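To keep things clear, I will list the structure first and then write my remarks on it.
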Amino acid sequence: MRSKLCSFCLLVLFLAASHTARAEFDARKWEYFKEIKPLYSVNCEYGSISVDKQVYSGAIDFPADLRIVNEQGGEVPYQLRVGTVHTENPTSYNARMLNNSIVAGKYTTCIIDLGKSGLINNQINISTYQPDFMSRVEIAGSQNMNTWAVLKTDGYILNVKDYQRTDVAYPANTYRYLRVKVSYSNGKPVRIQSAKVRYEKAFPAREVVLYEGGPGKVDQNRREPCTDITIDLKSGGLFPERADIESSDLNYHRTVQVFGSADGREWTDMGAYGNILKYDTQTFKGEESSISIPSQSPYRYLRIRIDNQDNPPIRITRVKVYSYKRDVVFPLKNGSTYRLYYGSPVARTSVYDVKDIEKYIPGSAISTMALGPQQHNPEFSLPFWTGPWLQRHPWVLWTVLIATMAVLLFLSMRLAIQTRDATR
């Protein structure tokens with residue numbers, strides 16, 4: 001009886017430990033790995049690798065199942081660096097507007113005087129009282145208002161369906177004078193109310209493509225006049241930041257909303273609202289296909305909802321989903337080799353001390369490294385109680401634990417009764 005009791009105790013401890021304990025790195029729990037290779041010979045304290053599309057796709061719960069391991073099989077601490085769009089505070093100029101006039105049947109025009117040469121600028125905001133318009137914009141620059149150099153010919157501004165776009169970007173320059181031409185819209189001039197010039201220096205984020213291909217699953221919403229496009233990113237824990245929606249159709253304008261889901265069944269509004277449009281007429285050409293996704297919640301599935309109103313659905317030919325590029329920074333040791341493991345159904349998020357010091361690591365101390373081809377880990381082998389099935393059905397483990405505890409309690413009580421009877 002006591003041997004049975006001991007067996008049940010060991011079983012309970014084993015099951016509990018396998019479910020809750022954080023053990024040393026066990027390669028059997030990771031399905032894929034990539035060798036980490038230096039790009040050039042340099043002595044640095046830290047290495048950096050960029051997470052690529054294969055890692056995103058192979059990870060089961062990114063970034064929880066990323067591990068960097070040295071040749072001895074030891075786990076190496078790391079920290080993710082996330083790229084973002086960085087914009088310096090824009091410089092605005094107090095400029096005068098001259099010669100605000102109309103060339104009948106063609107365009108409205110004005111000249112912006114910045115006051116002196118040498119003021120670098122690359123954007124202009126054009127305000128107008130016009131309530132409903134789509135107009136092409138041309139920007140030219142000059143130092144003396146005699147000779148003009150064209151900076152932009154295909155800019156556009158519009159105000160349709162409660163969607164406004166009044167900023168026009170053009171190449172950075174130091175001209176004192178800027179000439180603005182705004183084409184007629186619907187046979188009417190678009191009067192320029194004011195124009196504000198500025199210089200905005202932006203450092204674009206490095207991006208990685210999470211999904212590129214056809215529109216996935218397309219459903220025509222029966223309750224609303226909408227088209228629902230469902231995209232499977234093939235991995236959880238991803239942070240989509242924008243989506244490009246391409247169509248072969250012309251002359252359309254649709255509002256778009258984006259939802260996210262971890263399981264493809266319950267959906268959350270990601271706060272992403274925008275417009276996609278494509279106009280190709282004799283008087284106006286313009287296109288918008290990108291939707292920003294502000295939510296920082298990780299989802300595996302995206303649902304892009306296109307509001308058709310009373311129009312027929314547009315034909316979606318391609319969808320691209322992007323995320324900010326993520327770099328993994330980790331300490332290097334001379335002579336050591338490293339692997340990146342990913343694709344574990346049982347991994348938990350690791351937190352290392354390097355998280356607190358990463359912000360103080362100068363770029364000169366970091367060596368850029370490369371990832372080799374994806375390899376299937378031959379050691380990958382999970383027992384059923386730690387496998388994906390049990391992860392999806394945690395109630396099984398709790399049922400076994402409760403039943404085991406009940407049996408253990410029953411045997412303990414029975415042993416106590418037998419001991420009492422034997423001593424009488």
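In the structure tokens, chains take the letters A, B, ... in the order shown, each chain's residues start at 1, and ligands count up from 1 in the order shown.
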Checklist entry - So which residues touch A:Asp113 within 7 Å, counting only C-alpha atoms, skipping near sequence neighbours fewer than 5 positions away, as a VMD selection string? => result chain A and resid 95 to 97 176 to 178
Could those selected residues go to a file with C-alpha atoms, as an mmCIF file, in the first residue's frame?
data_model
loop_
_atom_site.group_PDB
_atom_site.id
_atom_site.type_symbol
_atom_site.label_atom_id
_atom_site.label_comp_id
_atom_site.auth_asym_id
_atom_site.auth_seq_id
_atom_site.Cartn_x
_atom_site.Cartn_y
_atom_site.Cartn_z
ATOM 1 C CA ALA A 95 5.609 82.356 -45.603
ATOM 2 C CA ARG A 96 3.656 84.886 -47.661
ATOM 3 C CA MET A 97 1.214 83.871 -50.375
ATOM 4 C CA ARG A 176 12.960 80.904 -51.846
ATOM 5 C CA TYR A 177 9.804 80.746 -53.976
ATOM 6 C CA LEU A 178 7.417 77.867 -54.516
#
Item to check | Polymer residues at most 9 Å from A:Asn308, only C-alpha atoms, same-chain spacing of 6 or more positions, as a ChimeraX atom specification | outcome: /A:224-227,253-255,314
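Distances to A:Asn251 were evaluated for A:Asn377, A:Asn89, A:Asn221, A:Asn311 using only C-alpha atoms, and the minimum falls at A:Asn311.
Distances here use only C-alpha atoms; by that measure, the residue among A:Ile229, A:Val328, A:Met134, A:Ala149 closest to A:Asp52 is A:Val328.
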Checklist entry - If you run DSSP on this backbone, which residues of stretch 35-79 of chain A come out as strand (DSSP E), and could you give them as a list in words? => result Glu35, Ile36, Lys37, Pro38, Tyr46, Gly47, Ser48, Ile49, Ser50, Arg67, Ile68, Val69, Asn70, Glu75, Val76 and Gln79 of chain A
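Atom pair atom CA of A:Leu114 / atom CA of A:Asn94: separated by 6.9 Å.
In this model, the gap between atom CA of A:Thr109 and atom CA of A:Asn186 comes to 17.1 Å.
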Determine, for each residue of stretch 49-143 of chain A having at least one atom at most 10 Å from an atom of stretch 232-250 of chain A, the closest pair of atoms and their separation in Å to one decimal, counting only C-alpha atoms; order by chain and ascending number, as JSON lines.
{"residue": "A:Val55", "atom": "CA", "partner": "A:Ser235", "partner_atom": "CA", "distance": 9.6}
{"residue": "A:Tyr56", "atom": "CA", "partner": "A:Ser235", "partner_atom": "CA", "distance": 6.7}
{"residue": "A:Ser57", "atom": "CA", "partner": "A:Lys234", "partner_atom": "CA", "distance": 5.7}
{"residue": "A:Gly58", "atom": "CA", "partner": "A:Ser235", "partner_atom": "CA", "distance": 7.2}
{"residue": "A:Ala59", "atom": "CA", "partner": "A:Ser235", "partner_atom": "CA", "distance": 6.1}
{"residue": "A:Ile60", "atom": "CA", "partner": "A:Ser235", "partner_atom": "CA", "distance": 5.4}
{"residue": "A:Asp61", "atom": "CA", "partner": "A:Gly236", "partner_atom": "CA", "distance": 4.8}
{"residue": "A:Phe62", "atom": "CA", "partner": "A:Gly237", "partner_atom": "CA", "distance": 4.5}
{"residue": "A:Pro63", "atom": "CA", "partner": "A:Gly237", "partner_atom": "CA", "distance": 6.4}
{"residue": "A:Ala64", "atom": "CA", "partner": "A:Gly237", "partner_atom": "CA", "distance": 7.9}
{"residue": "A:Asp65", "atom": "CA", "partner": "A:Gly237", "partner_atom": "CA", "distance": 9.8}
{"residue": "A:Thr84", "atom": "CA", "partner": "A:Glu241", "partner_atom": "CA", "distance": 9.9}
Item to check | A:Gln282 environment, 12 Å, only C-alpha atoms, sequence neighbours closer than 4 positions dropped, as a ChimeraX atom specification | outcome: /A:134-136,183-187,251,286
Next, write the just-selected residues to a file, as a PDB file, in the first residue's frame, keeping N, CA and C atoms as the atom set.
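Final output, saved to out.pdb:
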ATOM      1  N   MET A 134     -11.324  66.631 -56.124  1.00  0.00           N
ATOM      2  CA  MET A 134     -10.125  65.830 -56.340  1.00  0.00           C
ATOM      3  C   MET A 134      -9.293  66.573 -57.367  1.00  0.00           C
ATOM      4  N   SER A 135      -8.083  66.969 -56.959  1.00  0.00           N
ATOM      5  CA  SER A 135      -7.287  67.820 -57.847  1.00  0.00           C
ATOM      6  C   SER A 135      -5.834  67.388 -57.870  1.00  0.00           C
ATOM      7  N   ARG A 136      -5.245  67.455 -59.045  1.00  0.00           N
ATOM      8  CA  ARG A 136      -3.811  67.238 -59.170  1.00  0.00           C
ATOM      9  C   ARG A 136      -3.071  68.498 -58.743  1.00  0.00           C
ATOM     10  N   SER A 183      -5.263  71.765 -60.046  1.00  0.00           N
ATOM     11  CA  SER A 183      -6.127  71.617 -61.215  1.00  0.00           C
ATOM     12  C   SER A 183      -7.598  71.776 -60.856  1.00  0.00           C
ATOM     13  N   TYR A 184      -8.401  72.096 -61.877  1.00  0.00           N
ATOM     14  CA  TYR A 184      -9.852  72.153 -61.708  1.00  0.00           C
ATOM     15  C   TYR A 184     -10.384  70.787 -61.260  1.00  0.00           C
ATOM     16  N   SER A 185     -11.503  70.795 -60.561  1.00  0.00           N
ATOM     17  CA  SER A 185     -12.180  69.564 -60.165  1.00  0.00           C
ATOM     18  C   SER A 185     -13.644  69.672 -60.526  1.00  0.00           C
ATOM     19  N   ASN A 186     -14.141  68.702 -61.283  1.00  0.00           N
ATOM     20  CA  ASN A 186     -15.539  68.718 -61.742  1.00  0.00           C
ATOM     21  C   ASN A 186     -15.863  70.006 -62.473  1.00  0.00           C
ATOM     22  N   GLY A 187     -14.880  70.507 -63.253  1.00  0.00           N
ATOM     23  CA  GLY A 187     -15.100  71.721 -64.045  1.00  0.00           C
ATOM     24  C   GLY A 187     -15.075  73.000 -63.241  1.00  0.00           C
ATOM     25  N   ASN A 251     -11.385  53.560 -60.414  1.00  0.00           N
ATOM     26  CA  ASN A 251     -12.411  54.539 -60.055  1.00  0.00           C
ATOM     27  C   ASN A 251     -13.333  54.035 -58.938  1.00  0.00           C
ATOM     28  N   GLY A 286      -5.083  59.283 -58.957  1.00  0.00           N
ATOM     29  CA  GLY A 286      -4.608  59.170 -57.587  1.00  0.00           C
ATOM     30  C   GLY A 286      -4.943  57.802 -57.016  1.00  0.00           C
TER      31      GLY A 286
END
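Residue nearest A:Ile192 within the list A:Leu210, A:Gly216, A:Gly141, A:Ile157: A:Ile157 [criterion: smallest interatomic distance, only C-alpha atoms].
With only C-alpha atoms taken into account, the protein and nucleic acid residues at most 8 Å from A:Arg179 (excluding it and anything under 5 positions from it in its own chain) are Thr109, Cys110, Ile111, Ile112, Glu138, Ile139, Ala140 and Gly141 of chain A.
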Export, as a PDB file, in the first residue's frame, the selected residues with N, CA and C atoms.
ATOM      1  N   THR A 109      -3.638  78.965 -58.941  1.00  0.00           N
ATOM      2  CA  THR A 109      -2.199  79.010 -58.698  1.00  0.00           C
ATOM      3  C   THR A 109      -1.861  80.097 -57.694  1.00  0.00           C
ATOM      4  N   CYS A 110      -0.738  79.917 -57.027  1.00  0.00           N
ATOM      5  CA  CYS A 110      -0.208  80.940 -56.136  1.00  0.00           C
ATOM      6  C   CYS A 110       1.285  80.737 -56.005  1.00  0.00           C
ATOM      7  N   ILE A 111       1.959  81.752 -55.486  1.00  0.00           N
ATOM      8  CA  ILE A 111       3.393  81.685 -55.234  1.00  0.00           C
ATOM      9  C   ILE A 111       3.617  81.866 -53.737  1.00  0.00           C
ATOM     10  N   ILE A 112       4.422  80.999 -53.163  1.00  0.00           N
ATOM     11  CA  ILE A 112       4.740  81.058 -51.742  1.00  0.00           C
ATOM     12  C   ILE A 112       6.146  81.620 -51.595  1.00  0.00           C
ATOM     13  N   GLU A 138       0.812  70.543 -58.835  1.00  0.00           N
ATOM     14  CA  GLU A 138       2.181  70.676 -59.330  1.00  0.00           C
ATOM     15  C   GLU A 138       2.920  71.666 -58.444  1.00  0.00           C
ATOM     16  N   ILE A 139       4.154  71.321 -58.055  1.00  0.00           N
ATOM     17  CA  ILE A 139       4.989  72.193 -57.247  1.00  0.00           C
ATOM     18  C   ILE A 139       6.264  72.495 -58.029  1.00  0.00           C
ATOM     19  N   ALA A 140       6.624  73.774 -58.090  1.00  0.00           N
ATOM     20  CA  ALA A 140       7.872  74.186 -58.743  1.00  0.00           C
ATOM     21  C   ALA A 140       8.596  75.167 -57.831  1.00  0.00           C
ATOM     22  N   GLY A 141       9.915  75.268 -57.994  1.00  0.00           N
ATOM     23  CA  GLY A 141      10.713  76.156 -57.158  1.00  0.00           C
ATOM     24  C   GLY A 141      11.548  77.116 -57.975  1.00  0.00           C
TER      25      GLY A 141
END
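Of note, atom CA of A:Thr349 and atom CA of A:Asp26 are spaced 14.8 Å apart.
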Checklist entry - What lies within 12 Å of A:Val168 using only C-alpha atoms, ignoring chain neighbours under 4 positions off, as a list of chain:residue names? => result A:Asn121, A:Asn122, A:Gln123, A:Ile124, A:Asn125, A:Ile126, A:Ser127, A:Ser135, A:Arg136, A:Val137, A:Glu138, A:Ile139, A:Leu151, A:Lys152, A:Thr153, A:Asp154, A:Gly155, A:Tyr156, A:Ile157, A:Leu158, A:Val180, A:Lys181, A:Val182, A:Ala195, A:Lys196, A:Val197, A:Arg198, A:Tyr199, A:Glu200
